[in-house]
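Colleague: PDB, N, CA and C atoms, pLDDT in the B column, saved as protein-v1.pdb, coming up:
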MODEL        1
ATOM      1  N   MET Q 261      89.767 -30.198 -11.900  1.00 93.00           N
ATOM      2  CA  MET Q 261      88.805 -29.831 -12.911  1.00 93.00           C
ATOM      3  C   MET Q 261      87.874 -28.760 -12.337  1.00 93.00           C
ATOM      4  N   LEU Q 262      87.666 -27.742 -13.137  1.00 94.00           N
ATOM      5  CA  LEU Q 262      86.806 -26.638 -12.750  1.00 94.00           C
ATOM      6  C   LEU Q 262      85.407 -26.867 -13.303  1.00 94.00           C
ATOM      7  N   HIS Q 263      84.416 -26.867 -12.430  1.00 97.00           N
ATOM      8  CA  HIS Q 263      83.021 -26.994 -12.830  1.00 97.00           C
ATOM      9  C   HIS Q 263      82.350 -25.630 -12.723  1.00 97.00           C
ATOM     10  N   VAL Q 264      81.565 -25.281 -13.716  1.00 98.00           N
ATOM     11  CA  VAL Q 264      80.825 -24.022 -13.673  1.00 98.00           C
ATOM     12  C   VAL Q 264      79.914 -24.005 -12.448  1.00 98.00           C
ATOM     13  N   SER Q 265      79.302 -25.124 -12.129  1.00 97.00           N
ATOM     14  CA  SER Q 265      78.411 -25.189 -10.966  1.00 97.00           C
ATOM     15  C   SER Q 265      79.157 -24.868  -9.671  1.00 97.00           C
ATOM     16  N   ASP Q 266      80.413 -25.290  -9.556  1.00 97.00           N
ATOM     17  CA  ASP Q 266      81.196 -24.989  -8.353  1.00 97.00           C
ATOM     18  C   ASP Q 266      81.424 -23.489  -8.204  1.00 97.00           C
ATOM     19  N   ILE Q 267      81.697 -22.819  -9.307  1.00 97.00           N
ATOM     20  CA  ILE Q 267      81.877 -21.360  -9.241  1.00 97.00           C
ATOM     21  C   ILE Q 267      80.586 -20.696  -8.781  1.00 97.00           C
ATOM     22  N   LEU Q 268      79.461 -21.129  -9.353  1.00 97.00           N
ATOM     23  CA  LEU Q 268      78.177 -20.526  -9.002  1.00 97.00           C
ATOM     24  C   LEU Q 268      77.821 -20.775  -7.541  1.00 97.00           C
ATOM     25  N   ILE Q 269      78.185 -21.936  -7.016  1.00 96.00           N
ATOM     26  CA  ILE Q 269      77.914 -22.250  -5.610  1.00 96.00           C
ATOM     27  C   ILE Q 269      78.821 -21.436  -4.692  1.00 96.00           C
ATOM     28  N   GLU Q 270      80.091 -21.348  -5.033  1.00 96.00           N
ATOM     29  CA  GLU Q 270      81.060 -20.631  -4.206  1.00 96.00           C
ATOM     30  C   GLU Q 270      80.892 -19.119  -4.258  1.00 96.00           C
ATOM     31  N   ARG Q 271      80.502 -18.604  -5.401  1.00 95.00           N
ATOM     32  CA  ARG Q 271      80.478 -17.151  -5.627  1.00 95.00           C
ATOM     33  C   ARG Q 271      79.049 -16.621  -5.712  1.00 95.00           C
ATOM     34  N   HIS Q 272      78.401 -16.522  -4.582  1.00 94.00           N
ATOM     35  CA  HIS Q 272      77.033 -15.998  -4.531  1.00 94.00           C
ATOM     36  C   HIS Q 272      76.977 -14.516  -4.877  1.00 94.00           C
ATOM     37  N   ASP Q 273      78.115 -13.867  -4.898  1.00 97.00           N
ATOM     38  CA  ASP Q 273      78.166 -12.437  -5.195  1.00 97.00           C
ATOM     39  C   ASP Q 273      78.093 -12.138  -6.687  1.00 97.00           C
ATOM     40  N   LEU Q 274      78.199 -13.151  -7.542  1.00 98.00           N
ATOM     41  CA  LEU Q 274      78.147 -12.919  -8.981  1.00 98.00           C
ATOM     42  C   LEU Q 274      76.742 -12.483  -9.381  1.00 98.00           C
ATOM     43  N   GLY Q 275      76.671 -11.372 -10.101  1.00 97.00           N
ATOM     44  CA  GLY Q 275      75.371 -10.839 -10.474  1.00 97.00           C
ATOM     45  C   GLY Q 275      75.120 -10.783 -11.961  1.00 97.00           C
ATOM     46  N   SER Q 276      76.112 -11.220 -12.756  1.00 98.00           N
ATOM     47  CA  SER Q 276      75.941 -11.164 -14.199  1.00 98.00           C
ATOM     48  C   SER Q 276      76.822 -12.213 -14.867  1.00 98.00           C
ATOM     49  N   PHE Q 277      76.521 -12.461 -16.117  1.00 98.00           N
ATOM     50  CA  PHE Q 277      77.324 -13.393 -16.886  1.00 98.00           C
ATOM     51  C   PHE Q 277      78.744 -12.871 -17.054  1.00 98.00           C
ATOM     52  N   ALA Q 278      78.882 -11.569 -17.236  1.00 98.00           N
ATOM     53  CA  ALA Q 278      80.212 -10.970 -17.384  1.00 98.00           C
ATOM     54  C   ALA Q 278      81.073 -11.231 -16.143  1.00 98.00           C
ATOM     55  N   GLU Q 279      80.479 -11.166 -14.978  1.00 98.00           N
ATOM     56  CA  GLU Q 279      81.218 -11.451 -13.744  1.00 98.00           C
ATOM     57  C   GLU Q 279      81.603 -12.922 -13.672  1.00 98.00           C
ATOM     58  N   LEU Q 280      80.738 -13.808 -14.172  1.00 98.00           N
ATOM     59  CA  LEU Q 280      81.065 -15.230 -14.226  1.00 98.00           C
ATOM     60  C   LEU Q 280      82.246 -15.473 -15.159  1.00 98.00           C
ATOM     61  N   VAL Q 281      82.271 -14.796 -16.290  1.00 98.00           N
ATOM     62  CA  VAL Q 281      83.384 -14.937 -17.229  1.00 98.00           C
ATOM     63  C   VAL Q 281      84.696 -14.553 -16.543  1.00 98.00           C
ATOM     64  N   GLU Q 282      84.692 -13.485 -15.793  1.00 97.00           N
ATOM     65  CA  GLU Q 282      85.905 -13.072 -15.065  1.00 97.00           C
ATOM     66  C   GLU Q 282      86.295 -14.112 -14.013  1.00 97.00           C
ATOM     67  N   ALA Q 283      85.310 -14.693 -13.344  1.00 97.00           N
ATOM     68  CA  ALA Q 283      85.592 -15.731 -12.352  1.00 97.00           C
ATOM     69  C   ALA Q 283      86.201 -16.959 -13.019  1.00 97.00           C
ATOM     70  N   VAL Q 284      85.702 -17.312 -14.188  1.00 97.00           N
ATOM     71  CA  VAL Q 284      86.265 -18.448 -14.933  1.00 97.00           C
ATOM     72  C   VAL Q 284      87.715 -18.148 -15.295  1.00 97.00           C
ATOM     73  N   ARG Q 285      87.993 -16.947 -15.748  1.00 96.00           N
ATOM     74  CA  ARG Q 285      89.375 -16.569 -16.084  1.00 96.00           C
ATOM     75  C   ARG Q 285      90.284 -16.691 -14.855  1.00 96.00           C
ATOM     76  N   THR Q 286      89.814 -16.240 -13.731  1.00 95.00           N
ATOM     77  CA  THR Q 286      90.608 -16.308 -12.502  1.00 95.00           C
ATOM     78  C   THR Q 286      90.898 -17.752 -12.112  1.00 95.00           C
ATOM     79  N   HIS Q 287      89.881 -18.591 -12.148  1.00 94.00           N
ATOM     80  CA  HIS Q 287      90.045 -20.001 -11.766  1.00 94.00           C
ATOM     81  C   HIS Q 287      90.866 -20.779 -12.788  1.00 94.00           C
ATOM     82  N   ALA Q 288      90.861 -20.336 -14.027  1.00 94.00           N
ATOM     83  CA  ALA Q 288      91.577 -21.053 -15.089  1.00 94.00           C
ATOM     84  C   ALA Q 288      93.074 -21.112 -14.829  1.00 94.00           C
ATOM     85  N   ARG Q 289      93.574 -20.173 -14.092  1.00 91.00           N
ATOM     86  CA  ARG Q 289      95.012 -20.150 -13.806  1.00 91.00           C
ATOM     87  C   ARG Q 289      95.432 -21.288 -12.869  1.00 91.00           C
ATOM     88  N   LYS Q 290      94.439 -21.859 -12.160  1.00 91.00           N
ATOM     89  CA  LYS Q 290      94.732 -22.920 -11.201  1.00 91.00           C
ATOM     90  C   LYS Q 290      94.251 -24.294 -11.650  1.00 91.00           C
ATOM     91  N   GLU Q 291      93.408 -24.330 -12.666  1.00 92.00           N
ATOM     92  CA  GLU Q 291      92.808 -25.592 -13.110  1.00 92.00           C
ATOM     93  C   GLU Q 291      93.249 -25.931 -14.524  1.00 92.00           C
ATOM     94  N   ARG Q 292      93.158 -27.191 -14.844  1.00 91.00           N
ATOM     95  CA  ARG Q 292      93.593 -27.644 -16.160  1.00 91.00           C
ATOM     96  C   ARG Q 292      92.429 -27.874 -17.131  1.00 91.00           C
ATOM     97  N   PHE Q 293      91.268 -28.240 -16.584  1.00 94.00           N
ATOM     98  CA  PHE Q 293      90.110 -28.558 -17.414  1.00 94.00           C
ATOM     99  C   PHE Q 293      88.881 -27.815 -16.913  1.00 94.00           C
ATOM    100  N   LEU Q 294      87.982 -27.517 -17.847  1.00 96.00           N
ATOM    101  CA  LEU Q 294      86.714 -26.857 -17.534  1.00 96.00           C
ATOM    102  C   LEU Q 294      85.577 -27.806 -17.867  1.00 96.00           C
ATOM    103  N   ARG Q 295      84.668 -27.957 -16.944  1.00 97.00           N
ATOM    104  CA  ARG Q 295      83.466 -28.768 -17.166  1.00 97.00           C
ATOM    105  C   ARG Q 295      82.262 -27.840 -17.149  1.00 97.00           C
ATOM    106  N   ILE Q 296      81.592 -27.723 -18.278  1.00 97.00           N
ATOM    107  CA  ILE Q 296      80.414 -26.874 -18.383  1.00 97.00           C
ATOM    108  C   ILE Q 296      79.209 -27.761 -18.079  1.00 97.00           C
ATOM    109  N   ASP Q 297      78.784 -27.736 -16.814  1.00 97.00           N
ATOM    110  CA  ASP Q 297      77.764 -28.674 -16.365  1.00 97.00           C
ATOM    111  C   ASP Q 297      76.400 -28.050 -16.088  1.00 97.00           C
ATOM    112  N   VAL Q 298      76.319 -26.741 -16.052  1.00 97.00           N
ATOM    113  CA  VAL Q 298      75.030 -26.063 -15.854  1.00 97.00           C
ATOM    114  C   VAL Q 298      75.008 -24.765 -16.664  1.00 97.00           C
ATOM    115  N   LYS Q 299      73.807 -24.348 -17.020  1.00 97.00           N
ATOM    116  CA  LYS Q 299      73.652 -23.062 -17.707  1.00 97.00           C
ATOM    117  C   LYS Q 299      73.587 -21.962 -16.653  1.00 97.00           C
ATOM    118  N   PRO Q 300      74.360 -20.909 -16.814  1.00 97.00           N
ATOM    119  CA  PRO Q 300      74.338 -19.809 -15.859  1.00 97.00           C
ATOM    120  C   PRO Q 300      72.947 -19.161 -15.795  1.00 97.00           C
ATOM    121  N   PRO Q 301      72.502 -18.803 -14.598  1.00 96.00           N
ATOM    122  CA  PRO Q 301      71.139 -18.303 -14.413  1.00 96.00           C
ATOM    123  C   PRO Q 301      70.966 -16.795 -14.611  1.00 96.00           C
ATOM    124  N   PHE Q 302      71.879 -16.158 -15.278  1.00 98.00           N
ATOM    125  CA  PHE Q 302      71.856 -14.700 -15.385  1.00 98.00           C
ATOM    126  C   PHE Q 302      71.038 -14.236 -16.589  1.00 98.00           C
ATOM    127  N   ALA Q 303      70.377 -13.098 -16.442  1.00 97.00           N
ATOM    128  CA  ALA Q 303      69.545 -12.544 -17.517  1.00 97.00           C
ATOM    129  C   ALA Q 303      70.373 -12.172 -18.742  1.00 97.00           C
ATOM    130  N   ASP Q 304      71.640 -11.835 -18.530  1.00 98.00           N
ATOM    131  CA  ASP Q 304      72.493 -11.426 -19.650  1.00 98.00           C
ATOM    132  C   ASP Q 304      73.300 -12.580 -20.257  1.00 98.00           C
ATOM    133  N   THR Q 305      72.955 -13.822 -19.931  1.00 98.00           N
ATOM    134  CA  THR Q 305      73.655 -14.975 -20.493  1.00 98.00           C
ATOM    135  C   THR Q 305      73.348 -15.069 -21.985  1.00 98.00           C
ATOM    136  N   PRO Q 306      74.379 -15.009 -22.832  1.00 98.00           N
ATOM    137  CA  PRO Q 306      74.145 -15.040 -24.281  1.00 98.00           C
ATOM    138  C   PRO Q 306      73.812 -16.454 -24.767  1.00 98.00           C
ATOM    139  N   GLU Q 307      73.317 -16.530 -25.991  1.00 97.00           N
ATOM    140  CA  GLU Q 307      72.986 -17.830 -26.569  1.00 97.00           C
ATOM    141  C   GLU Q 307      74.217 -18.715 -26.713  1.00 97.00           C
ATOM    142  N   ASN Q 308      75.357 -18.112 -26.985  1.00 98.00           N
ATOM    143  CA  ASN Q 308      76.599 -18.878 -27.171  1.00 98.00           C
ATOM    144  C   ASN Q 308      77.429 -18.932 -25.879  1.00 98.00           C
ATOM    145  N   TRP Q 309      76.758 -19.006 -24.755  1.00 98.00           N
ATOM    146  CA  TRP Q 309      77.417 -18.921 -23.452  1.00 98.00           C
ATOM    147  C   TRP Q 309      78.485 -20.004 -23.260  1.00 98.00           C
ATOM    148  N   GLU Q 310      78.259 -21.186 -23.796  1.00 98.00           N
ATOM    149  CA  GLU Q 310      79.252 -22.249 -23.637  1.00 98.00           C
ATOM    150  C   GLU Q 310      80.560 -21.882 -24.341  1.00 98.00           C
ATOM    151  N   ASP Q 311      80.436 -21.347 -25.547  1.00 98.00           N
ATOM    152  CA  ASP Q 311      81.623 -20.933 -26.298  1.00 98.00           C
ATOM    153  C   ASP Q 311      82.364 -19.799 -25.591  1.00 98.00           C
ATOM    154  N   VAL Q 312      81.604 -18.868 -25.025  1.00 98.00           N
ATOM    155  CA  VAL Q 312      82.216 -17.727 -24.330  1.00 98.00           C
ATOM    156  C   VAL Q 312      82.989 -18.213 -23.101  1.00 98.00           C
ATOM    157  N   LEU Q 313      82.397 -19.115 -22.323  1.00 98.00           N
ATOM    158  CA  LEU Q 313      83.090 -19.628 -21.134  1.00 98.00           C
ATOM    159  C   LEU Q 313      84.322 -20.444 -21.516  1.00 98.00           C
ATOM    160  N   GLU Q 314      84.198 -21.273 -22.536  1.00 97.00           N
ATOM    161  CA  GLU Q 314      85.334 -22.074 -22.987  1.00 97.00           C
ATOM    162  C   GLU Q 314      86.467 -21.181 -23.472  1.00 97.00           C
ATOM    163  N   SER Q 315      86.125 -20.151 -24.194  1.00 96.00           N
ATOM    164  CA  SER Q 315      87.131 -19.209 -24.696  1.00 96.00           C
ATOM    165  C   SER Q 315      87.816 -18.482 -23.547  1.00 96.00           C
ATOM    166  N   ALA Q 316      87.039 -18.050 -22.567  1.00 96.00           N
ATOM    167  CA  ALA Q 316      87.609 -17.351 -21.409  1.00 96.00           C
ATOM    168  C   ALA Q 316      88.561 -18.269 -20.655  1.00 96.00           C
ATOM    169  N   PHE Q 317      88.170 -19.513 -20.471  1.00 96.00           N
ATOM    170  CA  PHE Q 317      89.006 -20.497 -19.776  1.00 96.00           C
ATOM    171  C   PHE Q 317      90.299 -20.758 -20.542  1.00 96.00           C
ATOM    172  N   THR Q 318      90.167 -21.017 -21.825  1.00 95.00           N
ATOM    173  CA  THR Q 318      91.327 -21.353 -22.654  1.00 95.00           C
ATOM    174  C   THR Q 318      92.316 -20.200 -22.741  1.00 95.00           C
ATOM    175  N   SER Q 319      91.797 -18.996 -22.914  1.00 92.00           N
ATOM    176  CA  SER Q 319      92.685 -17.852 -23.070  1.00 92.00           C
ATOM    177  C   SER Q 319      93.422 -17.518 -21.772  1.00 92.00           C
ATOM    178  N   ALA Q 320      92.820 -17.806 -20.638  1.00 90.00           N
ATOM    179  CA  ALA Q 320      93.453 -17.487 -19.362  1.00 90.00           C
ATOM    180  C   ALA Q 320      94.293 -18.625 -18.812  1.00 90.00           C
ATOM    181  N   ALA Q 321      94.046 -19.836 -19.266  1.00 72.00           N
ATOM    182  CA  ALA Q 321      94.732 -21.006 -18.708  1.00 72.00           C
ATOM    183  C   ALA Q 321      96.231 -20.972 -18.930  1.00 72.00           C
ATOM    184  N   GLY Q 322      96.675 -20.403 -20.001  1.00 63.00           N
ATOM    185  CA  GLY Q 322      98.094 -20.372 -20.303  1.00 63.00           C
ATOM    186  C   GLY Q 322      98.880 -19.305 -19.582  1.00 63.00           C
ATOM    187  N   ARG Q 323      98.224 -18.482 -18.809  1.00 58.00           N
ATOM    188  CA  ARG Q 323      98.896 -17.359 -18.142  1.00 58.00           C
ATOM    189  C   ARG Q 323      99.345 -17.716 -16.766  1.00 58.00           C
TER     190      ARG Q 323
ENDMDL
END
For this file, produce the structure as structure tokens.

Modeller:
Amino acid sequence: MLHVSDILIERHDLGSFAELVEAVRTHARKERFLRIDVKPPFADTPENWEDVLESAFTSAAGR
């Protein structure tokens, strides 16, 4: 299971929400489930951030 908090802890180089979305897509190829357990701390995090992360995970998981 992929936790958003694990990505944020492992990837200190992420500087934006867009970079987090790409990281979620990358990890989705190796994981089966996504756990959205924390709100990303980026200034560009949209209001619908949970939907965006879930969509990124789902769309990349099948590849």

Colleague: Work out how far apart atom CA of Arg289 of chain Q and atom N of Pro301 of chain Q are and give it in Å to one decimal.

Modeller: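 Computing it gives 22.6 Å between the two atoms.
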
Colleague: Considering only N, CA and C atoms, state which residue in the set Q:Leu262, Q:Leu294, Q:Ala288, Q:Ala303 is at the smallest distance from Gly275 of chain Q.

Modeller: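 For Gly275 of chain Q, the nearest of the candidates is Q:Ala303.
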
Colleague: So which residues get picked by the PyMOL selection byres ((chain Q and resi 293) around 6.5) here, written as a PDB file with N, CA and C atoms, keeping the file's coordinate frame?

Modeller:
ATOM      1  N   MET Q 261      89.767 -30.198 -11.900  1.00 93.00           N
ATOM      2  CA  MET Q 261      88.805 -29.831 -12.911  1.00 93.00           C
ATOM      3  C   MET Q 261      87.874 -28.760 -12.337  1.00 93.00           C
ATOM      4  N   LEU Q 262      87.666 -27.742 -13.137  1.00 94.00           N
ATOM      5  CA  LEU Q 262      86.806 -26.638 -12.750  1.00 94.00           C
ATOM      6  C   LEU Q 262      85.407 -26.867 -13.303  1.00 94.00           C
ATOM      7  N   HIS Q 263      84.416 -26.867 -12.430  1.00 97.00           N
ATOM      8  CA  HIS Q 263      83.021 -26.994 -12.830  1.00 97.00           C
ATOM      9  C   HIS Q 263      82.350 -25.630 -12.723  1.00 97.00           C
ATOM     10  N   GLU Q 291      93.408 -24.330 -12.666  1.00 92.00           N
ATOM     11  CA  GLU Q 291      92.808 -25.592 -13.110  1.00 92.00           C
ATOM     12  C   GLU Q 291      93.249 -25.931 -14.524  1.00 92.00           C
ATOM     13  N   ARG Q 292      93.158 -27.191 -14.844  1.00 91.00           N
ATOM     14  CA  ARG Q 292      93.593 -27.644 -16.160  1.00 91.00           C
ATOM     15  C   ARG Q 292      92.429 -27.874 -17.131  1.00 91.00           C
ATOM     16  N   LEU Q 294      87.982 -27.517 -17.847  1.00 96.00           N
ATOM     17  CA  LEU Q 294      86.714 -26.857 -17.534  1.00 96.00           C
ATOM     18  C   LEU Q 294      85.577 -27.806 -17.867  1.00 96.00           C
ATOM     19  N   ARG Q 295      84.668 -27.957 -16.944  1.00 97.00           N
ATOM     20  CA  ARG Q 295      83.466 -28.768 -17.166  1.00 97.00           C
ATOM     21  C   ARG Q 295      82.262 -27.840 -17.149  1.00 97.00           C
TER      22      ARG Q 295
END

Colleague: Please write out, as lines of an AutoDock Vina configuration file, where the centre of an axis-aligned box around all listed atoms of segment 285-299 of chain Q lies and how long its edges are, in Å to one decimal, after adding 8 Å on each side.

Modeller:
center_x = 84.5
center_y = -22.5
center_z = -14.8
size_x = 37.8
size_y = 28.5
size_z = 23.2

Colleague: Run the PyMOL selection byres ((chain Q and resi 305-320) around 6.5) mentally over the shown coordinates, then write out the matched residues as a count of residues only, using the chain letters and numbers from the document.

Modeller: 14

Colleague: Give me every helix (DSSP H, G or I) residue in chain Q, going by DSSP on the backbone, as a ChimeraX atom specification.

Modeller: /Q:264-270,277-288,309-321

Colleague: May I ask for the distance between atom C of Asp297 of chain Q and atom N of Arg271 of chain Q, given in Å to one decimal place?

Modeller: 14.8 Å

Colleague: Go ahead and compute the interatomic distance for atom CA of Ser265 of chain Q and atom CA of Val298 of chain Q, in Å to one decimal.

Modeller: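 Atom CA of Val298 of chain Q lies at a distance of 6.0 Å from atom CA of Ser265 of chain Q.
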
Colleague: Please extract the residues of chain Q with a backbone DSSP assignment of strand (DSSP E) and present them as a count of residues only.

Modeller: 4
